[in-house]
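S.K.: File follows, coords37.txt with compact mmCIF, C-alpha atoms:
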# COMPACT_ATOMS: atom_id res chain seq x y z
CA MET A 1 121.91 99.32 113.63
CA ALA A 2 124.70 98.53 116.07
CA LEU A 3 127.05 101.42 116.92
CA THR A 4 130.25 99.71 117.99
CA ASN A 5 134.02 99.32 117.67
CA VAL A 6 134.12 95.52 118.07
CA GLU A 7 135.07 93.16 115.22
CA VAL A 8 131.85 91.16 114.84
CA VAL A 9 128.25 91.70 115.99
CA ARG A 10 125.71 88.91 116.42
CA LEU A 11 122.02 89.79 116.63
CA MET A 12 119.63 87.54 118.60
CA LEU A 13 115.82 87.66 118.96
CA ASP A 14 114.48 85.65 121.90
CA GLY A 15 117.65 83.54 121.82
CA ARG A 16 117.40 82.85 118.07
CA LEU A 17 120.20 84.02 115.77
CA ILE A 18 119.03 86.71 113.33
CA GLY A 19 122.43 87.30 111.74
CA GLU A 20 126.12 88.01 112.24
CA GLN A 21 128.14 90.77 110.56
CA LYS A 22 131.71 91.98 110.52
CA VAL A 23 132.08 95.64 111.55
CA ASP A 24 133.30 98.12 108.97
CA ARG A 25 135.10 101.11 110.50
CA TYR A 26 132.96 103.57 108.55
CA THR A 27 129.58 101.88 108.12
CA MET A 28 127.95 100.30 111.15
CA PRO A 29 126.27 96.87 110.80
CA SER A 30 122.49 96.90 110.37
CA TRP A 31 119.67 94.42 109.80
CA GLN A 32 116.08 94.52 108.55
CA VAL A 33 114.16 92.45 111.11
CA PRO A 34 110.39 91.80 110.99
CA TYR A 35 108.98 93.11 114.26
CA ALA A 36 108.05 90.62 116.94
CA PRO A 37 107.64 91.31 120.65
CA GLY A 38 110.36 89.90 122.85
CA ARG A 39 114.03 90.34 123.70
CA LEU A 40 116.41 91.72 121.06
CA GLU A 41 120.08 91.34 121.96
CA ALA A 42 123.27 92.48 120.17
CA ILE A 43 126.50 90.73 121.21
CA GLY A 44 129.88 92.18 120.22
CA TYR A 45 132.93 89.96 119.70
CA ARG A 46 136.64 90.70 119.55
CA GLY A 47 139.13 87.91 118.92
CA GLY A 48 136.26 85.42 119.04
CA ARG A 49 135.32 86.45 122.60
CA ALA A 50 132.10 88.23 123.61
CA VAL A 51 133.10 91.64 125.02
CA ALA A 52 129.89 93.71 124.86
CA ARG A 53 126.12 93.21 125.04
CA SER A 54 123.11 95.46 124.57
CA VAL A 55 119.47 94.41 125.09
CA VAL A 56 116.08 95.94 124.39
CA GLU A 57 112.84 94.27 125.43
CA THR A 58 109.19 94.70 124.64
CA THR A 59 107.65 96.20 127.78
CA GLY A 60 104.23 96.05 129.34
CA ALA A 61 101.90 98.99 129.80
CA ALA A 62 103.18 101.97 131.78
CA VAL A 63 102.03 101.83 135.42
CA ALA A 64 104.22 104.38 137.21
CA LEU A 65 106.56 107.34 136.87
CA ARG A 66 110.19 107.29 137.95
CA ILE A 67 112.46 110.21 138.89
CA THR A 68 116.24 109.86 138.69
CA PRO A 69 118.29 112.84 139.98
CA ASP A 70 121.79 113.39 138.67
CA ARG A 71 123.08 113.73 142.26
CA ARG A 72 121.80 112.93 145.75
CA ALA A 73 122.95 116.18 147.34
CA MET A 74 122.92 119.86 146.37
CA ALA A 75 124.46 122.97 147.85
CA ALA A 76 122.04 125.33 149.64
CA ASP A 77 123.57 128.41 148.02
CA GLY A 78 120.76 129.42 145.69
CA GLU A 79 122.99 128.61 142.68
CA ASP A 80 123.50 124.84 142.56
CA VAL A 81 121.60 123.28 139.63
CA GLN A 82 121.06 119.70 138.51
CA PRO A 83 118.93 117.73 135.99
CA TYR A 84 116.34 115.12 136.93
CA THR A 85 115.29 112.42 134.45
CA ILE A 86 111.62 111.47 134.47
CA ASP A 87 110.40 108.35 132.72
CA ALA A 88 107.47 105.94 132.66
CA VAL A 89 108.03 102.31 133.71
CA ASP A 90 106.03 99.07 133.48
CA ALA A 91 105.20 96.67 136.32
CA ARG A 92 108.74 95.21 136.13
CA GLY A 93 110.43 98.61 136.35
CA ARG A 94 111.39 98.71 132.66
CA HIS A 95 111.39 101.98 130.74
CA VAL A 96 108.33 102.26 128.45
CA PRO A 97 109.32 104.22 125.31
CA THR A 98 105.73 104.48 124.01
CA ALA A 99 104.33 106.29 127.08
CA ASN A 100 104.08 109.86 125.73
CA LEU A 101 101.94 111.28 128.54
CA ASP A 102 101.46 114.73 130.08
CA VAL A 103 103.33 115.01 133.39
CA THR A 104 102.88 117.70 136.05
CA PHE A 105 105.69 118.64 138.44
CA ALA A 106 105.89 120.24 141.87
CA VAL A 107 109.00 121.20 143.84
CA SER A 108 109.81 122.41 147.34
CA GLY A 109 113.20 123.53 148.63
CA GLY A 110 114.16 124.66 145.14
CA THR A 111 112.91 126.09 141.84
CA ILE A 112 112.21 124.53 138.45
CA ILE A 113 114.21 126.57 135.95
CA GLY A 114 113.91 124.40 132.84
CA LEU A 115 111.92 121.60 131.19
CA GLY A 116 112.67 119.44 128.17
CA ASN A 117 111.95 116.12 126.51
CA GLY A 118 114.19 115.88 123.44
CA ASP A 119 111.32 116.29 120.97
CA PRO A 120 112.75 118.45 118.14
CA VAL A 121 109.30 119.69 117.06
CA SER A 122 107.83 120.38 120.51
CA HIS A 123 106.40 123.86 121.09
CA GLU A 124 105.83 123.36 124.82
CA ALA A 125 107.11 126.02 127.20
CA GLU A 126 110.61 125.35 128.53
CA GLN A 127 109.65 126.77 131.92
CA GLY A 128 106.64 126.02 134.08
CA ASN A 129 105.37 122.89 135.81
CA ARG A 130 104.33 120.47 133.05
CA ARG A 131 105.89 118.62 130.13
CA ARG A 132 104.84 115.79 127.85
CA LEU A 133 107.02 112.66 127.82
CA PHE A 134 108.73 112.01 124.49
CA ASN A 135 109.70 108.38 123.90
CA GLY A 136 108.73 107.96 127.54
CA LEU A 137 111.25 110.55 128.79
CA ALA A 138 111.43 114.11 130.06
CA GLN A 139 113.92 116.22 131.98
CA VAL A 140 113.51 118.83 134.72
CA ILE A 141 116.24 121.27 135.72
CA VAL A 142 116.03 122.30 139.38
CA ARG A 143 117.96 125.02 141.23
CA ALA A 144 118.34 124.44 144.96
CA GLY A 145 117.18 127.19 147.27
CA GLY A 146 119.33 128.96 149.82
CA GLY A 147 118.77 129.30 153.52
CA GLY A 148 120.65 126.37 154.99
CA ALA A 149 120.31 122.60 155.15
CA GLY A 150 117.08 120.93 154.12
CA THR A 151 115.55 118.88 151.31
CA VAL A 152 114.82 119.51 147.65
CA LYS A 153 111.63 117.53 146.94
CA LEU A 154 110.49 117.00 143.34
CA SER A 155 107.19 115.25 142.59
CA ALA A 156 105.78 114.07 139.24
CA SER A 157 102.25 112.92 138.42
CA ALA A 158 100.39 111.77 135.30
CA ALA A 159 96.83 110.53 134.78
CA GLY A 160 96.54 106.78 135.26
CA LEU A 161 100.11 106.30 136.59
CA ARG A 162 101.51 105.95 140.09
CA PRO A 163 103.21 109.27 140.95
CA ALA A 164 106.89 109.58 141.87
CA THR A 165 108.82 111.65 144.39
CA SER A 166 112.55 112.35 144.75
CA ASN A 167 114.16 113.78 147.89
CA VAL A 168 117.64 115.25 147.53
CA ARG A 169 119.64 116.55 150.49
CA ARG A 170 120.30 120.29 150.51
CA LEU A 171 123.61 120.93 152.27
CA ALA A 172 124.42 124.13 154.13
CA THR A 173 127.15 125.86 152.14
CA PRO A 174 129.09 129.07 152.81
CA ALA A 175 128.54 131.77 150.23
CA ARG A 176 131.14 131.58 147.48
CA PRO A 177 133.17 134.69 146.74
CA SER A 178 132.65 136.25 143.37
CA VAL A 179 135.98 136.95 141.67
CA ALA A 180 136.11 138.18 138.10
CA PRO A 181 138.63 136.21 136.01
CA ALA A 182 141.68 138.07 134.80
CA ARG A 183 140.86 136.94 131.26
CA MET A 184 138.36 134.79 129.42
CA THR A 185 139.53 131.26 128.64
CA LEU A 186 138.04 128.45 126.56
CA THR A 187 139.11 124.89 127.43
CA VAL A 188 139.70 122.63 124.43
CA GLN A 189 138.98 119.17 125.79
CA ASP A 190 137.75 116.82 123.04
CA TRP A 191 140.30 115.64 120.48
CA ARG A 192 140.69 112.95 117.81
CA GLN A 193 143.95 110.97 117.52
CA SER A 194 145.06 109.39 114.23
CA PRO A 195 146.66 105.97 113.81
CA ALA A 196 150.46 106.02 114.19
CA ALA A 197 152.61 106.75 111.14
CA THR A 198 156.28 106.00 110.44
CA ALA A 199 156.81 109.28 108.55
CA ARG A 200 155.75 112.84 109.32
CA PRO A 201 152.10 113.11 108.20
CA SER A 202 150.61 116.06 106.40
CA PRO A 203 148.69 118.54 108.58
CA ASP A 204 145.95 118.33 105.91
CA ILE A 205 145.33 114.62 106.51
CA VAL A 206 141.60 114.00 106.09
CA LEU A 207 139.38 112.71 108.90
CA ALA A 208 136.14 111.37 107.42
CA ASP A 209 132.99 112.75 109.04
CA ASN A 210 131.66 109.21 109.63
CA ASP A 211 134.94 107.76 110.94
CA MET A 212 133.97 106.31 114.32
CA ASN A 213 136.84 103.92 114.89
CA SER A 214 140.15 104.55 113.12
CA TRP A 215 140.76 107.90 114.90
CA LEU A 216 140.50 107.61 118.69
CA TYR A 217 138.38 109.99 120.77
CA VAL A 218 140.78 111.39 123.40
CA ARG A 219 140.68 114.12 126.04
CA ALA A 220 143.35 116.61 126.99
CA SER A 221 145.53 115.49 129.93
CA GLU A 222 144.99 111.79 129.06
CA ILE A 223 147.82 110.56 126.83
CA GLN A 224 146.76 107.51 124.83
CA PRO A 225 149.23 104.94 123.46
CA PRO A 226 149.69 104.97 119.68
CA GLN A 227 147.55 102.75 117.47
CA GLY A 228 149.93 100.59 115.45
CA SER A 229 153.63 101.10 114.75
CA GLY A 230 155.21 104.47 114.09
CA ARG A 231 156.40 107.48 116.05
CA TRP A 232 154.13 110.12 114.50
CA THR A 233 150.51 110.88 115.42
CA VAL A 234 148.05 113.62 114.52
CA LEU A 235 145.74 115.20 117.11
CA ARG A 236 142.88 117.39 115.94
CA ALA A 237 140.16 119.46 117.63
CA ARG A 238 137.37 121.76 116.45
CA LEU A 239 136.32 124.78 118.49
CA THR A 240 134.44 128.04 118.25
CA PRO A 241 136.35 130.69 120.24
CA HIS A 242 134.85 133.38 122.43
CA ARG A 243 133.85 136.63 120.76
CA GLY A 244 136.97 138.46 121.96
CA THR A 245 139.25 135.87 120.36
CA ARG A 246 137.23 135.87 117.14
CA GLU A 247 137.55 139.65 116.89
CA ARG A 248 141.05 140.35 118.28
CA GLY A 249 142.82 136.98 118.42
CA GLY A 250 144.31 135.38 121.50
CA THR A 251 146.71 132.71 122.72
CA ILE A 252 146.37 128.94 122.72
CA VAL A 253 148.17 127.23 125.62
CA PHE A 254 149.20 123.56 125.78
CA LYS A 255 150.10 122.39 129.29
CA ASP A 256 152.63 119.52 129.48
CA LEU A 257 152.70 118.84 125.75
CA VAL A 258 154.78 115.68 125.18
CA GLY A 259 156.64 115.03 121.93
CA ARG A 260 158.39 116.95 119.20
CA GLY A 261 156.36 118.51 116.41
CA GLU A 262 154.21 121.35 115.15
CA ILE A 263 150.96 123.18 115.91
CA TRP A 264 148.71 124.17 112.99
CA ILE A 265 145.64 126.42 113.15
CA ASP A 266 143.25 126.40 110.18
CA GLY A 267 145.97 124.99 107.94
CA ASN A 268 148.68 127.47 108.98
CA ARG A 269 151.65 126.55 111.15
CA ALA A 270 151.44 128.46 114.43
CA ALA A 271 154.34 127.03 116.47
CA THR A 272 157.09 124.41 116.52
CA LYS A 273 158.14 122.25 119.48
CA PRO A 274 161.80 121.22 119.03
CA ASP A 275 162.18 118.71 121.90
CA PHE A 276 160.40 115.63 123.23
CA ALA A 277 160.08 116.54 126.93
CA ALA A 278 156.79 117.68 128.48
CA THR A 279 156.61 121.46 128.05
CA THR A 280 154.01 124.22 128.31
CA LEU A 281 153.74 125.69 124.83
CA ARG A 282 151.99 128.92 123.85
CA ALA A 283 151.08 130.02 120.33
CA ALA A 284 149.24 133.00 118.87
CA PHE A 285 145.63 132.24 117.99
CA PRO A 286 144.66 134.45 115.04
CA PRO A 287 141.30 136.23 114.86
CA GLY A 288 138.63 134.82 112.59
CA PRO A 289 134.94 133.89 112.46
CA GLY A 290 133.17 130.60 113.09
CA GLU A 291 134.54 127.16 113.85
CA ARG A 292 138.34 126.69 113.90
CA ILE A 293 140.53 123.60 113.51
CA VAL A 294 143.65 122.99 115.63
CA THR A 295 146.00 120.23 114.45
CA LEU A 296 149.07 118.83 116.20
CA LEU A 297 151.75 116.76 114.48
CA LEU A 298 153.62 114.99 117.28
CA GLU A 299 156.62 112.66 117.18
CA SER A 300 157.49 110.49 120.18
CA ASP A 301 161.04 109.64 121.19
CA GLY A 302 160.31 105.93 120.81
CA THR A 303 160.10 105.27 124.55
CA VAL A 304 157.35 107.60 125.82
CA ALA A 305 154.06 108.16 123.98
CA SER A 306 153.49 111.67 122.71
CA GLY A 307 150.29 113.56 123.43
CA LEU A 308 148.40 116.07 125.54
CA GLY A 309 149.76 115.67 129.05
CA GLY A 310 147.80 118.63 130.43
CA LEU A 311 144.92 120.97 129.67
CA VAL A 312 144.61 122.98 126.47
CA PHE A 313 142.87 126.35 126.50
CA VAL A 314 142.50 129.53 124.46
CA GLU A 315 142.92 132.90 126.21
CA ASP A 316 141.32 136.07 124.87
Show me, as structure tokens, the structure contained in the file I just sent.
M.R.:
Amino acid sequence: MALTNVEVVRLMLDGRLIGEQKVDRYTMPSWQVPYAPGRLEAIGYRGGRAVARSVVETTGAAVALRITPDRRAMAADGEDVQPYTIDAVDARGRHVPTANLDVTFAVSGGTIIGLGNGDPVSHEAEQGNRRRLFNGLAQVIVRAGGGGAGTVKLSASAAGLRPATSNVRRLATPARPSVAPARMTLTVQDWRQSPAATARPSPDIVLADNDMNSWLYVRASEIQPPQGSGRWTVLRARLTPHRGTRERGGTIVFKDLVGRGEIWIDGNRAATKPDFAATTLRAAFPPGPGERIVTLLLESDGTVASGLGGLVFVED
């Protein structure tokens, strides 16, 4: 299966064409291919031009471990945390997804606070110094120690494989002041944006669960141009508020909201924005259990795209 938003996908095995399919916006293209070792490549086309490629290759036997830290420096404040990815590689440095081996870890200059491998049925301890690779992968969460500049050293070893070591700089960092926030806030960052419409859409417009392409994935503070012609767009987000908001209600705040329109919460209109200019808008967020749906109907003035010009957050 190819997960994509291109127009056409071509599948190649060792340079030989397996098949070519047009991409449906709801159902991704897929093929049944008899297994053969080699190089399997998917090529995505838009307007007849290749714009994306993805390759998987049959690997050799695992010969070594590899450690990839998320960052190359950590703060020596006793609080800074980061994940390390551990995987098995073959003689050419390629990830080996069949190497499900027991790995033992050791750390200096920090503390292992978590272990994982993505296996949904694993009963291994999530703390300690060992974890089995799953599909050739595992993850270690390390907290840097305090006490000034130094090195966080993580080592990994497995029977029959060359061990791996990662050295990350530990930077001297002044202690950070602890200041209690005046109120709890929940940032609403991930949104979906509908295609443009010429007339005001209904706030109940349906977004199919498997729609990967027709509604854009957008983030607050990043206004995206409309898809197609029309001055109206719908923006929608799902969120589960903090306990205080669920029990007592709160306030949802839109920073620099651009466009004229309405805010709806769980199918009820919560606020109206009468002008097009960027404005900070606040609306009551009613109490209620579970996941909530926030919907914006926004109309542009025809010259500037409407959208979320700033952050969106819910205050208890």
S.K.: Residues near region 263-275 of chain A, anyone? I mean within 8 Å using all atoms listed in the file, not counting same-chain ones fewer than 2 positions away, as number ranges by chain.
M.R.: A: 203-204, 259-261, 277, 281-285, 292-297
S.K.: Nearest residue to Arg132 (chain A) out of A:Val312, A:Leu235, A:Leu115, A:Ala199, using all atoms listed in the file?
M.R.: A:Leu115
S.K.: Calculate how many Å separate CA of Ala61 (chain A) from CA of Ala91 (chain A), rounding to one decimal.
M.R.: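 Here the two named atoms are 7.7 Å from each other.
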S.K.: CA of Ala159 (chain A) to CA of Gly38 (chain A): how many Å, to one decimal?
M.R.: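 Between these atoms lies a distance of 27.4 Å.
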S.K.: So the first atom is CA of Arg25 (chain A) and the second is CA of Asp301 (chain A); what is the distance between them in Å, to one decimal place?
M.R.: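 Computing the Euclidean distance for CA of Arg25 (chain A) and CA of Asp301 (chain A) yields 29.3 Å.
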S.K.: Excluding Glu41 (chain A) and any residue of its chain fewer than 4 positions from it, enumerate the residues within 10 Å of it, using all atoms listed in the file, and give them as a VMD selection string.
M.R.: chain A and resid 10 to 18 53 to 57
S.K.: Could you write out the selected residues, including C-alpha atoms, as a CSV table (one decimal), in the coordinates of the input?
M.R.:
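Now in selection_6.csv:
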chain,number,residue,atom,x,y,z
A,10,ARG,CA,125.7,88.9,116.4
A,11,LEU,CA,122.0,89.8,116.6
A,12,MET,CA,119.6,87.5,118.6
A,13,LEU,CA,115.8,87.7,119.0
A,14,ASP,CA,114.5,85.6,121.9
A,15,GLY,CA,117.6,83.5,121.8
A,16,ARG,CA,117.4,82.8,118.1
A,17,LEU,CA,120.2,84.0,115.8
A,18,ILE,CA,119.0,86.7,113.3
A,53,ARG,CA,126.1,93.2,125.0
A,54,SER,CA,123.1,95.5,124.6
A,55,VAL,CA,119.5,94.4,125.1
A,56,VAL,CA,116.1,95.9,124.4
A,57,GLU,CA,112.8,94.3,125.4
S.K.: Around (135.7, 117.1, 125.2) in the file's frame, which residues reach within 6 Å when counting all atoms listed in the file? Return as a PyMOL selection string?
M.R.: chain A and resi 189-190+219
S.K.: As JSON, what would the box around region 113-125 of chain A look like: edges along x, y and z, 8 Å added on every side, centre and edge lengths in Å to one decimal?
M.R.:
{"center_x": 110.0, "center_y": 121.2, "center_z": 126.5, "size_x": 24.4, "size_y": 26.7, "size_z": 34.9}
S.K.: Which of these, A:Thr245, A:Phe276, A:Arg170, A:Asp211, has the shortest distance to Thr27 (chain A) once you count all atoms listed in the file?
M.R.: A:Asp211
S.K.: Atoms are missing here; could region 129-158 of chain A be completed with N, CA and C atoms and written as a PDB file, keeping the file's coordinate frame?
M.R.:
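Wrote it out as part.pdb, contents follow:
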ATOM      1  N   ASN A 129     105.495 124.054 134.928  1.00  0.00           N
ATOM      2  CA  ASN A 129     105.370 122.890 135.810  1.00  0.00           C
ATOM      3  C   ASN A 129     104.820 121.652 135.097  1.00  0.00           C
ATOM      4  N   ARG A 130     104.812 121.651 133.744  1.00  0.00           N
ATOM      5  CA  ARG A 130     104.330 120.470 133.050  1.00  0.00           C
ATOM      6  C   ARG A 130     105.128 120.256 131.754  1.00  0.00           C
ATOM      7  N   ARG A 131     105.203 118.980 131.367  1.00  0.00           N
ATOM      8  CA  ARG A 131     105.890 118.620 130.130  1.00  0.00           C
ATOM      9  C   ARG A 131     105.380 117.260 129.684  1.00  0.00           C
ATOM     10  N   ARG A 132     105.252 117.067 128.402  1.00  0.00           N
ATOM     11  CA  ARG A 132     104.840 115.790 127.850  1.00  0.00           C
ATOM     12  C   ARG A 132     106.061 114.892 127.683  1.00  0.00           C
ATOM     13  N   LEU A 133     105.929 113.609 128.065  1.00  0.00           N
ATOM     14  CA  LEU A 133     107.020 112.660 127.820  1.00  0.00           C
ATOM     15  C   LEU A 133     107.185 112.446 126.326  1.00  0.00           C
ATOM     16  N   PHE A 134     108.418 112.309 125.881  1.00  0.00           N
ATOM     17  CA  PHE A 134     108.730 112.010 124.490  1.00  0.00           C
ATOM     18  C   PHE A 134     109.569 110.734 124.483  1.00  0.00           C
ATOM     19  N   ASN A 135     109.079 109.707 123.804  1.00  0.00           N
ATOM     20  CA  ASN A 135     109.700 108.380 123.900  1.00  0.00           C
ATOM     21  C   ASN A 135     109.792 107.935 125.361  1.00  0.00           C
ATOM     22  N   GLY A 136     108.797 108.356 126.141  1.00  0.00           N
ATOM     23  CA  GLY A 136     108.730 107.960 127.540  1.00  0.00           C
ATOM     24  C   GLY A 136     109.653 108.712 128.466  1.00  0.00           C
ATOM     25  N   LEU A 137     110.240 109.841 127.999  1.00  0.00           N
ATOM     26  CA  LEU A 137     111.250 110.550 128.790  1.00  0.00           C
ATOM     27  C   LEU A 137     110.978 112.050 128.842  1.00  0.00           C
ATOM     28  N   ALA A 138     111.397 112.653 129.934  1.00  0.00           N
ATOM     29  CA  ALA A 138     111.430 114.110 130.060  1.00  0.00           C
ATOM     30  C   ALA A 138     112.539 114.473 131.039  1.00  0.00           C
ATOM     31  N   GLN A 139     112.878 115.749 131.080  1.00  0.00           N
ATOM     32  CA  GLN A 139     113.920 116.220 131.980  1.00  0.00           C
ATOM     33  C   GLN A 139     113.472 117.505 132.655  1.00  0.00           C
ATOM     34  N   VAL A 140     113.805 117.620 133.932  1.00  0.00           N
ATOM     35  CA  VAL A 140     113.510 118.830 134.720  1.00  0.00           C
ATOM     36  C   VAL A 140     114.822 119.348 135.290  1.00  0.00           C
ATOM     37  N   ILE A 141     115.060 120.632 135.145  1.00  0.00           N
ATOM     38  CA  ILE A 141     116.240 121.270 135.720  1.00  0.00           C
ATOM     39  C   ILE A 141     115.817 122.029 136.959  1.00  0.00           C
ATOM     40  N   VAL A 142     116.418 121.706 138.110  1.00  0.00           N
ATOM     41  CA  VAL A 142     116.030 122.300 139.380  1.00  0.00           C
ATOM     42  C   VAL A 142     117.218 123.045 139.987  1.00  0.00           C
ATOM     43  N   ARG A 143     116.963 124.251 140.481  1.00  0.00           N
ATOM     44  CA  ARG A 143     117.960 125.020 141.230  1.00  0.00           C
ATOM     45  C   ARG A 143     117.602 124.950 142.707  1.00  0.00           C
ATOM     46  N   ALA A 144     118.577 124.532 143.516  1.00  0.00           N
ATOM     47  CA  ALA A 144     118.340 124.440 144.960  1.00  0.00           C
ATOM     48  C   ALA A 144     118.180 125.826 145.561  1.00  0.00           C
ATOM     49  N   GLY A 145     117.348 125.926 146.584  1.00  0.00           N
ATOM     50  CA  GLY A 145     117.180 127.190 147.270  1.00  0.00           C
ATOM     51  C   GLY A 145     118.284 127.431 148.282  1.00  0.00           C
ATOM     52  N   GLY A 146     118.376 128.635 148.771  1.00  0.00           N
ATOM     53  CA  GLY A 146     119.330 128.960 149.820  1.00  0.00           C
ATOM     54  C   GLY A 146     118.699 128.784 151.193  1.00  0.00           C
ATOM     55  N   GLY A 147     119.360 129.300 152.193  1.00  0.00           N
ATOM     56  CA  GLY A 147     118.770 129.300 153.520  1.00  0.00           C
ATOM     57  C   GLY A 147     119.141 128.124 154.397  1.00  0.00           C
ATOM     58  N   GLY A 148     120.180 127.406 154.079  1.00  0.00           N
ATOM     59  CA  GLY A 148     120.650 126.370 154.990  1.00  0.00           C
ATOM     60  C   GLY A 148     120.215 124.975 154.578  1.00  0.00           C
ATOM     61  N   ALA A 149     120.562 124.008 155.440  1.00  0.00           N
ATOM     62  CA  ALA A 149     120.310 122.600 155.150  1.00  0.00           C
ATOM     63  C   ALA A 149     118.820 122.314 155.063  1.00  0.00           C
ATOM     64  N   GLY A 150     118.484 121.304 154.281  1.00  0.00           N
ATOM     65  CA  GLY A 150     117.080 120.930 154.120  1.00  0.00           C
ATOM     66  C   GLY A 150     116.955 119.861 153.051  1.00  0.00           C
ATOM     67  N   THR A 151     115.843 119.881 152.331  1.00  0.00           N
ATOM     68  CA  THR A 151     115.550 118.880 151.310  1.00  0.00           C
ATOM     69  C   THR A 151     114.971 119.556 150.074  1.00  0.00           C
ATOM     70  N   VAL A 152     115.442 119.124 148.915  1.00  0.00           N
ATOM     71  CA  VAL A 152     114.820 119.510 147.650  1.00  0.00           C
ATOM     72  C   VAL A 152     113.910 118.338 147.262  1.00  0.00           C
ATOM     73  N   LYS A 153     112.610 118.587 147.229  1.00  0.00           N
ATOM     74  CA  LYS A 153     111.630 117.530 146.940  1.00  0.00           C
ATOM     75  C   LYS A 153     110.973 117.819 145.596  1.00  0.00           C
ATOM     76  N   LEU A 154     111.119 116.880 144.657  1.00  0.00           N
ATOM     77  CA  LEU A 154     110.490 117.000 143.340  1.00  0.00           C
ATOM     78  C   LEU A 154     109.469 115.877 143.195  1.00  0.00           C
ATOM     79  N   SER A 155     108.255 116.225 142.802  1.00  0.00           N
ATOM     80  CA  SER A 155     107.190 115.250 142.590  1.00  0.00           C
ATOM     81  C   SER A 155     106.721 115.313 141.143  1.00  0.00           C
ATOM     82  N   ALA A 156     106.294 114.155 140.611  1.00  0.00           N
ATOM     83  CA  ALA A 156     105.780 114.070 139.240  1.00  0.00           C
ATOM     84  C   ALA A 156     104.523 113.228 139.247  1.00  0.00           C
ATOM     85  N   SER A 157     103.505 113.666 138.496  1.00  0.00           N
ATOM     86  CA  SER A 157     102.250 112.920 138.420  1.00  0.00           C
ATOM     87  C   SER A 157     101.716 112.955 137.002  1.00  0.00           C
ATOM     88  N   ALA A 158     101.022 111.874 136.614  1.00  0.00           N
ATOM     89  CA  ALA A 158     100.390 111.770 135.300  1.00  0.00           C
ATOM     90  C   ALA A 158      99.130 110.936 135.460  1.00  0.00           C
TER      91      ALA A 158
END
